[in-house]
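Okay, entry-v6.cif is below, mmCIF, C-alpha atoms and all ligand atoms:
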```cif
data_query
#
loop_
_atom_site.label_atom_id
_atom_site.label_comp_id
_atom_site.auth_asym_id
_atom_site.auth_seq_id
_atom_site.Cartn_x
_atom_site.Cartn_y
_atom_site.Cartn_z
CA MET S 1 178.98 113.36 114.12
CA THR S 2 181.67 112.97 111.45
CA ILE S 3 183.25 109.55 111.43
CA ASN S 4 186.93 109.31 110.51
CA LYS S 5 188.29 106.53 112.67
CA VAL S 6 186.63 103.14 113.09
CA LEU S 7 187.40 100.23 115.40
CA VAL S 8 186.25 96.68 114.63
CA VAL S 9 186.13 94.36 117.66
CA GLY S 10 186.21 90.66 116.75
CA LEU S 11 188.05 89.77 113.55
CA GLY S 12 186.38 86.49 112.59
CA LEU S 13 184.39 85.82 109.42
CA MET S 14 182.46 89.10 109.61
CA GLY S 15 184.86 91.39 111.46
CA ARG S 16 187.75 90.89 109.02
CA GLY S 17 185.46 91.77 106.09
CA ILE S 18 184.08 94.83 107.88
CA LEU S 19 187.64 95.96 108.65
CA GLN S 20 188.55 95.58 104.97
CA VAL S 21 185.47 97.52 103.81
CA CYS S 22 186.28 100.40 106.20
CA ALA S 23 189.95 100.50 105.14
CA GLN S 24 189.00 100.38 101.43
CA SER S 25 186.68 103.33 101.98
CA GLY S 26 189.54 105.43 103.38
CA PHE S 27 188.74 105.21 107.10
CA GLU S 28 191.54 104.91 109.62
CA SER S 29 190.59 101.38 110.62
CA TYR S 30 191.57 99.68 113.86
CA GLY S 31 191.08 95.96 114.49
CA TYR S 32 191.03 94.07 117.79
CA ASP S 33 190.44 90.43 118.71
CA VAL S 34 191.11 88.47 121.90
CA SER S 35 192.61 85.68 119.80
CA GLU S 36 196.06 86.24 118.28
CA GLU S 37 195.33 83.50 115.78
CA ALA S 38 192.15 85.28 114.64
CA VAL S 39 194.14 88.50 114.12
CA LYS S 40 196.78 86.66 112.08
CA ASN S 41 194.13 84.91 109.98
CA ALA S 42 192.22 88.15 109.43
CA ILE S 43 195.24 90.09 108.19
CA GLY S 44 196.30 87.15 105.99
CA PHE S 45 192.76 86.96 104.58
CA ILE S 46 192.62 90.70 103.80
CA GLU S 47 196.07 90.65 102.15
CA ASN S 48 195.09 87.65 100.00
CA THR S 49 191.78 89.19 98.96
CA LEU S 50 193.43 92.47 97.99
CA GLU S 51 196.17 90.59 96.10
CA LYS S 52 193.49 88.73 94.12
CA ARG S 53 191.87 92.07 93.23
CA VAL S 54 195.23 93.39 92.01
CA LYS S 55 195.78 90.25 89.89
CA LYS S 56 192.30 90.62 88.36
CA GLY S 57 193.07 94.27 87.50
CA LYS S 58 190.34 95.56 89.85
CA MET S 59 192.85 97.43 92.02
CA THR S 60 196.40 98.76 91.61
CA GLU S 61 199.33 97.68 93.76
CA ASP S 62 199.45 101.26 95.01
CA ASP S 63 195.78 101.13 96.11
CA LYS S 64 196.42 97.84 97.90
CA THR S 65 199.31 99.42 99.83
CA LYS S 66 197.08 102.38 100.77
CA VAL S 67 194.28 100.09 102.03
CA LEU S 68 196.70 98.05 104.13
CA ALA S 69 198.23 101.26 105.52
CA ASN S 70 194.75 102.27 106.77
CA ILE S 71 194.59 99.14 108.96
CA LYS S 72 196.07 99.13 112.45
CA VAL S 73 195.78 96.08 114.64
CA VAL S 74 195.76 96.82 118.37
CA SER S 75 196.36 94.41 121.25
CA ASP S 76 194.84 96.78 123.83
CA LEU S 77 191.59 98.72 123.31
CA ASN S 78 193.21 101.81 124.85
CA GLU S 79 195.32 102.11 121.69
CA ALA S 80 192.09 102.86 119.81
CA LYS S 81 190.46 105.10 122.41
CA ASP S 82 189.97 108.10 120.10
CA VAL S 83 187.92 106.33 117.39
CA ASP S 84 184.56 107.84 116.37
CA LEU S 85 182.79 104.52 115.81
CA ALA S 86 183.31 101.01 117.21
CA ILE S 87 181.67 98.05 115.47
CA GLU S 88 181.45 94.88 117.56
CA ALA S 89 181.52 91.55 115.67
CA VAL S 90 182.22 88.98 118.42
CA PHE S 91 180.36 85.70 119.08
CA GLU S 92 176.56 85.83 118.93
CA ASP S 93 176.14 85.63 122.70
CA ILE S 94 174.45 88.47 124.57
CA ASN S 95 176.70 88.14 127.65
CA VAL S 96 179.91 88.28 125.62
CA LYS S 97 178.61 91.26 123.66
CA GLN S 98 177.45 93.12 126.78
CA ASP S 99 180.92 92.70 128.34
CA VAL S 100 182.50 94.11 125.18
CA PHE S 101 180.18 97.16 125.24
CA LYS S 102 180.84 97.81 128.95
CA LYS S 103 184.57 97.83 128.20
CA LEU S 104 184.21 100.01 125.09
CA ASP S 105 182.04 102.45 127.05
CA GLU S 106 184.81 102.80 129.64
CA VAL S 107 187.65 103.19 127.17
CA LEU S 108 186.35 105.20 124.21
CA GLN S 109 185.91 108.98 124.09
CA PRO S 110 182.39 110.02 125.21
CA ASN S 111 181.14 111.00 121.74
CA ALA S 112 182.04 107.72 120.06
CA ILE S 113 179.18 105.70 118.58
CA LEU S 114 178.92 102.06 119.68
CA ALA S 115 177.55 99.63 117.11
CA SER S 116 176.86 95.90 117.04
CA ASN S 117 176.88 93.60 114.04
CA THR S 118 174.62 91.12 115.82
CA SER S 119 172.53 88.95 113.51
CA ALA S 120 169.41 88.84 115.61
CA LEU S 121 169.80 90.09 119.19
CA PRO S 122 167.68 93.10 120.11
CA ALA S 123 169.46 96.47 120.39
CA THR S 124 168.00 97.77 123.67
CA PRO S 125 169.60 95.22 126.07
CA LEU S 126 172.97 95.90 124.45
CA ALA S 127 172.59 99.70 124.58
CA SER S 128 171.40 99.53 128.20
CA VAL S 129 174.70 98.24 129.63
CA THR S 130 176.42 101.47 128.47
CA LYS S 131 176.21 105.03 129.82
CA ARG S 132 175.64 106.30 126.28
CA ALA S 133 172.60 104.31 125.14
CA ASP S 134 171.61 107.22 122.86
CA LYS S 135 174.83 106.59 120.93
CA PHE S 136 174.18 102.88 120.39
CA ILE S 137 172.92 101.31 117.15
CA ILE S 138 172.99 97.95 115.38
CA ILE S 139 174.82 98.06 112.04
CA HIS S 140 174.06 94.62 110.63
CA PHE S 141 176.29 93.73 107.68
CA HIS S 142 175.56 90.69 105.51
CA LEU S 143 177.94 87.93 104.48
CA PRO S 144 180.40 88.57 102.89
CA PRO S 145 180.63 92.21 104.00
CA THR S 146 183.01 93.09 101.16
CA VAL S 147 180.35 92.06 98.61
CA MET S 148 176.87 92.37 100.10
CA ARG S 149 175.44 95.88 99.90
CA LEU S 150 172.73 95.53 102.52
CA ILE S 151 173.03 96.89 106.04
CA GLU S 152 170.15 96.78 108.50
CA LEU S 153 170.23 99.69 110.94
CA VAL S 154 168.38 98.86 114.14
CA ARG S 155 167.74 101.46 116.81
CA ALA S 156 167.53 100.71 120.50
CA ILE S 157 164.63 102.53 122.11
CA GLN S 158 167.18 105.03 123.50
CA THR S 159 169.05 105.63 120.18
CA SER S 160 169.06 109.30 119.14
CA ASP S 161 168.15 110.58 115.68
CA GLU S 162 171.64 112.05 115.48
CA THR S 163 173.25 108.61 115.96
CA THR S 164 170.96 107.11 113.30
CA GLU S 165 171.87 109.89 110.86
CA SER S 166 175.61 109.38 111.52
CA ALA S 167 175.21 105.63 110.95
CA LYS S 168 173.35 106.29 107.68
CA GLU S 169 176.14 108.61 106.51
CA PHE S 170 178.71 105.98 107.44
CA CYS S 171 176.85 103.32 105.40
CA LYS S 172 176.78 105.68 102.43
CA ALA S 173 180.52 106.38 102.79
CA ILE S 174 181.31 102.64 102.64
CA GLY S 175 179.01 102.17 99.63
CA LYS S 176 176.25 100.19 101.34
CA ASP S 177 172.44 100.34 101.19
CA ALA S 178 171.06 101.06 104.65
CA VAL S 179 167.58 99.81 105.54
CA GLU S 180 166.23 101.28 108.77
CA ILE S 181 164.43 98.83 111.04
CA LYS S 182 161.84 100.86 112.94
CA VAL S 183 161.07 98.36 115.69
CA ASP S 184 163.69 96.75 117.95
CA CYS S 185 162.50 93.21 117.25
CA PRO S 186 164.64 90.02 117.41
CA GLY S 187 165.90 88.94 113.98
CA PHE S 188 165.12 92.35 112.41
CA LEU S 189 163.88 91.87 108.84
CA THR S 190 166.29 89.57 106.97
CA ASN S 191 166.97 86.96 109.66
CA ARG S 192 163.40 87.02 110.95
CA THR S 193 162.31 85.81 107.53
CA MET S 194 165.37 83.83 106.37
CA ILE S 195 166.04 81.78 109.52
CA PRO S 196 162.69 79.87 109.41
CA LEU S 197 163.33 79.17 105.72
CA MET S 198 166.87 77.89 106.43
CA ASN S 199 165.54 75.71 109.25
CA GLU S 200 162.87 74.25 106.95
CA VAL S 201 165.57 73.45 104.38
CA VAL S 202 167.52 71.54 107.06
CA TYR S 203 164.30 69.66 107.91
CA CYS S 204 163.95 68.70 104.22
CA LEU S 205 167.43 67.17 104.29
CA TYR S 206 166.75 65.53 107.70
CA GLU S 207 163.54 63.93 106.43
CA GLY S 208 165.18 62.80 103.17
CA VAL S 209 162.92 64.95 100.98
CA SER S 210 165.83 65.37 98.56
CA THR S 211 169.63 65.18 98.38
CA ARG S 212 171.83 68.08 99.50
CA GLU S 213 172.85 68.74 95.88
CA ASP S 214 169.27 68.75 94.59
CA ILE S 215 168.03 70.95 97.43
CA ASP S 216 170.69 73.54 96.56
CA LEU S 217 170.02 73.14 92.82
CA ALA S 218 166.31 73.81 93.42
CA PHE S 219 167.06 77.24 94.92
CA LYS S 220 169.70 78.11 92.31
CA SER S 221 167.58 77.07 89.33
CA GLY S 222 164.19 77.94 90.74
CA PHE S 223 164.89 81.24 92.49
CA ASN S 224 168.17 82.34 90.88
CA TRP S 225 170.05 82.18 94.20
CA PRO S 226 173.82 82.45 93.52
CA MET S 227 174.37 79.50 95.87
CA GLY S 228 172.03 76.99 97.47
CA PRO S 229 170.84 77.41 101.08
CA LEU S 230 172.83 74.44 102.43
CA GLN S 231 176.04 75.82 100.97
CA LEU S 232 175.14 79.30 102.26
CA MET S 233 174.57 77.91 105.76
CA ASP S 234 178.01 76.25 105.61
CA PHE S 235 179.54 79.65 104.87
CA ILE S 236 177.57 81.46 107.59
CA GLY S 237 178.78 78.86 110.12
CA LEU S 238 176.38 76.24 111.52
CA ASP S 239 177.35 77.14 115.11
CA THR S 240 176.53 80.82 114.48
CA LEU S 241 173.25 79.82 112.84
CA LEU S 242 172.32 77.56 115.76
CA HIS S 243 173.08 80.36 118.28
CA ILE S 244 170.85 82.72 116.32
CA MET S 245 167.99 80.17 116.16
CA GLU S 246 168.22 79.23 119.83
CA ASP S 247 168.16 82.87 120.86
CA LEU S 248 165.24 83.69 118.56
CA HIS S 249 163.38 80.64 119.85
CA LYS S 250 163.94 81.72 123.47
CA ARG S 251 162.78 85.27 122.77
CA CYS S 252 159.84 84.56 120.45
CA GLY S 253 158.52 81.16 121.62
CA GLY S 254 156.43 78.89 119.38
CA ASN S 255 158.00 76.55 116.82
CA LYS S 256 159.00 79.09 114.20
CA PHE S 257 162.68 79.19 115.26
CA LEU S 258 163.00 75.79 116.99
CA PRO S 259 166.22 74.33 115.48
CA CYS S 260 165.96 71.10 113.49
CA PRO S 261 167.68 68.26 115.45
CA LEU S 262 170.03 67.67 112.50
CA LEU S 263 171.47 71.18 112.91
CA SER S 264 171.97 70.78 116.68
CA ASN S 265 173.61 67.38 116.19
CA MET S 266 175.95 68.62 113.48
CA VAL S 267 177.18 71.45 115.71
CA ALA S 268 177.57 69.00 118.63
CA ALA S 269 179.74 66.86 116.35
CA GLY S 270 181.90 69.86 115.44
CA TYR S 271 180.57 70.02 111.86
CA CYS S 272 180.31 73.82 111.77
CA GLY S 273 180.55 74.33 108.00
CA HIS S 274 183.29 75.77 105.82
CA LYS S 275 185.46 77.00 108.72
CA SER S 276 185.69 73.53 110.28
CA GLY S 277 186.21 71.66 107.00
CA LYS S 278 182.83 69.88 107.22
CA GLY S 279 179.23 70.94 107.28
CA PHE S 280 176.54 69.90 104.82
CA TYR S 281 179.50 69.58 102.39
CA GLU S 282 183.20 68.78 102.87
CA TYR S 283 185.90 71.46 102.40
CA SER S 284 189.66 71.18 102.19
CA LYS S 285 191.29 73.41 104.83
N1 LIG G 1 178.46 84.54 109.93
C1 LIG G 1 177.55 85.29 109.31
O1 LIG G 1 177.09 85.01 108.20
C2 LIG G 1 177.07 86.57 109.96
C3 LIG G 1 176.36 87.51 109.20
C4 LIG G 1 175.96 88.71 109.79
C5 LIG G 1 176.23 88.93 111.14
N2 LIG G 1 176.90 87.97 111.86
C6 LIG G 1 177.17 88.26 113.27
O2 LIG G 1 178.49 88.77 113.39
C7 LIG G 1 179.04 88.39 114.66
C8 LIG G 1 180.34 87.64 114.43
O3 LIG G 1 180.06 86.48 113.68
P1 LIG G 1 181.21 85.71 112.87
O4 LIG G 1 180.53 84.79 111.95
O5 LIG G 1 182.22 86.68 112.36
O6 LIG G 1 181.86 84.87 114.08
P2 LIG G 1 183.32 84.24 114.21
O7 LIG G 1 183.20 83.14 115.19
O8 LIG G 1 183.89 83.96 112.87
O9 LIG G 1 184.20 85.44 114.85
C9 LIG G 1 184.01 85.95 116.14
C10 LIG G 1 185.36 86.55 116.60
O10 LIG G 1 185.13 87.25 117.83
C11 LIG G 1 186.31 87.08 118.62
N3 LIG G 1 185.96 87.38 120.02
C12 LIG G 1 185.22 86.65 120.89
N4 LIG G 1 185.10 87.30 122.07
C13 LIG G 1 185.76 88.47 121.93
C14 LIG G 1 185.99 89.58 122.80
N5 LIG G 1 185.50 89.60 124.02
N6 LIG G 1 186.72 90.63 122.32
C15 LIG G 1 187.23 90.61 121.07
N7 LIG G 1 187.05 89.57 120.20
C16 LIG G 1 186.32 88.52 120.63
C17 LIG G 1 186.72 85.64 118.38
O11 LIG G 1 188.09 85.42 118.73
C18 LIG G 1 186.45 85.50 116.88
O12 LIG G 1 187.60 85.82 116.11
C19 LIG G 1 177.96 87.57 115.36
O13 LIG G 1 177.20 88.42 116.17
C20 LIG G 1 177.14 87.05 114.19
O14 LIG G 1 175.82 86.71 114.56
C21 LIG G 1 177.34 86.82 111.31
#
```
Take the structure I supplied and represent it as structure tokens, if you would.
Amino acid sequence: MTINKVLVVGLGLMGRGILQVCAQSGFESYGYDVSEEAVKNAIGFIENTLEKRVKKGKMTEDDKTKVLANIKVVSDLNEAKDVDLAIEAVFEDINVKQDVFKKLDEVLQPNAILASNTSALPATPLASVTKRADKFIIIHFHLPPTVMRLIELVRAIQTSDETTESAKEFCKAIGKDAVEIKVDCPGFLTNRTMIPLMNEVVYCLYEGVSTREDIDLAFKSGFNWPMGPLQLMDFIGLDTLLHIMEDLHKRCGGNKFLPCPLLSNMVAAGYCGHKSGKGFYEYSK
């Protein structure tokens, strides 16, 4: 299926970046969020990012105008009913996501592909709440979507080859590297391996193995990471990270994904990272 029009549902940290990537790649790009504030923040964020690119000489004013003209914010999903692809980027909660897919299934034209940007939930239970499970796929972007090239494509057991091919073509059109995950397993490839590492890093801080600055320095100097893991976790959002870990723990058992108490306590205290002004580090709003 040829994809021309894309809808992004949920315009938080990930959704706003995905919307920008689609608009920059020339797609007619629709955005929807239940929160008016999130919509306002997302559009403000995209305008600022494009303006910075213009100032740095990476984009012309004319290009910026064209990208913004590709974006249409809708307050009712019916206004986007003829899109070819919908990408869901709402909270990492299976019930919230399933409700979104039931609604999209009702509203969108029958050929439209339904995709989730979930970090770690399996594809099959999401596909199964729709009447078009063969047209469901996970398109997992990485943070920040405007910069990171990797996309994990995860098939539900019902996903058709045609849907996978269309998703691959879409990834190519937006300039990303698609990695196909062959088994519908929780956490896929990147989060299955990164989440236990992140959790272990939090344990190191919790046990006083080293300071936050030195822990981050170790990964930057030792492994050439562009930022340390504690800073990265602050940007991902500690609440999002905790949701991912709790879900992986529930699905996989054992201790591999059992969240460090420090992480649970920080989220309980409202220290959710960059977006809340405080996480492992402090941020001015
Ligand atoms: N944060 C990351 O680094 C990262 C990376 C890759 C994937 N993800 C995944 O992307 C998804 C979104 O994460 P995020 O970090 O952008 O979260 P976020 O909290 O920043 O944004 C979620 C947005 O969804 C909106 N929303 C909630 N329910 C909705 C509904 N029913 N309909 C429409 N909008 C709704 C909220 O208003 C909010 O703006 C999650 O599944 C997450 O696991 C996150």
Item to complete: Give as a ChimeraX atom specification the residues surrounding ligand LIG 1 (chain G) up to a distance of 8 Å, considering only C-alpha atoms and all ligand atoms.
Response: /S:9-16,32-35,38-39,88-93,96-97,99-100,116-120,140-144,233,235-237,240-241,243-244
Find the axis-aligned box for range 39-47 of chain S, covering all its listed atoms and adding 6 Å on each side, and write its centre and edge lengths in Å to one decimal as JSON.
```
{"center_x": 194.5, "center_y": 87.8, "center_z": 108.1, "size_x": 16.6, "size_y": 17.8, "size_z": 24.0}
```
All residues 12 Å or closer to range 218-220 of chain S, all atoms listed in the file, same chain fewer than 6 positions away omitted, as a PDB file with C-alpha atoms, in the coordinates of the input:
```
ATOM      1  CA  LEU S 197     163.330  79.170 105.720  1.00  0.00           C
ATOM      2  CA  MET S 198     166.870  77.890 106.430  1.00  0.00           C
ATOM      3  CA  VAL S 201     165.570  73.450 104.380  1.00  0.00           C
ATOM      4  CA  SER S 210     165.830  65.370  98.560  1.00  0.00           C
ATOM      5  CA  THR S 211     169.630  65.180  98.380  1.00  0.00           C
ATOM      6  CA  ARG S 212     171.830  68.080  99.500  1.00  0.00           C
ATOM      7  CA  PRO S 226     173.820  82.450  93.520  1.00  0.00           C
ATOM      8  CA  MET S 227     174.370  79.500  95.870  1.00  0.00           C
ATOM      9  CA  GLY S 228     172.030  76.990  97.470  1.00  0.00           C
ATOM     10  CA  PRO S 229     170.840  77.410 101.080  1.00  0.00           C
ATOM     11  CA  LEU S 230     172.830  74.440 102.430  1.00  0.00           C
ATOM     12  CA  GLN S 231     176.040  75.820 100.970  1.00  0.00           C
ATOM     13  CA  LEU S 232     175.140  79.300 102.260  1.00  0.00           C
TER      14      LEU S 232
END
```
Worksheet item: When you draw a straight line from CA of Ile138 in chain S to CA of Glu37 in chain S, how long is it in Å?
Response: 26.6 Å
Worksheet entry | Long-range neighbours of Glu106 in chain S as a list in words, 10 Å cut-off, only C-alpha atoms, 3 positions minimum in chain | Asn78, Lys81, Phe101, Lys102, Lys103, Gln109, Pro110, Thr130 and Lys131 of chain S
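Here CA of Leu248 in chain S and CA of Pro196 in chain S stand 10.2 Å from one another.
Distance-wise, CA of Phe170 in chain S and CA of Leu104 in chain S end up 19.4 Å apart.
Candidate residues S:Met1, S:Leu189, S:Ile43, S:Ile137 were compared for distance to Glu169 in chain S, and the nearest is S:Met1, using all atoms listed in the file.
Using only C-alpha atoms for every distance, the candidate list S:Lys40, S:Arg53, S:Lys5, S:Lys66 yields S:Lys66 as the residue closest to Gln24 in chain S.
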Practice prompt. Write out as an MDAnalysis selection string the residues lying within 9 Å of range 177-181 of chain S, counting only C-alpha atoms and excluding same-chain residues fewer than 2 positions away.
Written response: chainID S and resid 139 149:155 164 167:168 171:172 175 183:185 188:189
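If all atoms listed in the file are the atoms counted, then among S:Ala123, S:Leu238, S:Val67, S:Cys252 the closest residue to Thr49 in chain S is S:Val67.
Non-sequential neighbours of Ile195 in chain S (distance at most 9 Å, separation of 5 or more positions within a chain, only C-alpha atoms) are Gly187, Thr190, Glu200, Leu241, Ile244, Met245, Lys256 and Phe257 of chain S.
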Discussion item. Show me, as an MDAnalysis selection string, the residues that have an atom within 6 Å of range 264-272 of chain S when counting all atoms listed in the file, minus same-chain residues fewer than 3 positions from it.
Written reply: chainID S and resid 237:239 261 276 278:279
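Among the candidates S:Pro145, S:Gly31, S:Gly222, S:Pro122, the residue lying nearest to Arg192 in chain S is S:Pro122 (atoms considered: only C-alpha atoms).
When all atoms listed in the file are used to compute distances to Ser128 in chain S, the closest of the residues S:Asn48, S:Gln98, S:Ser284, S:Asn111 turns out to be S:Gln98.
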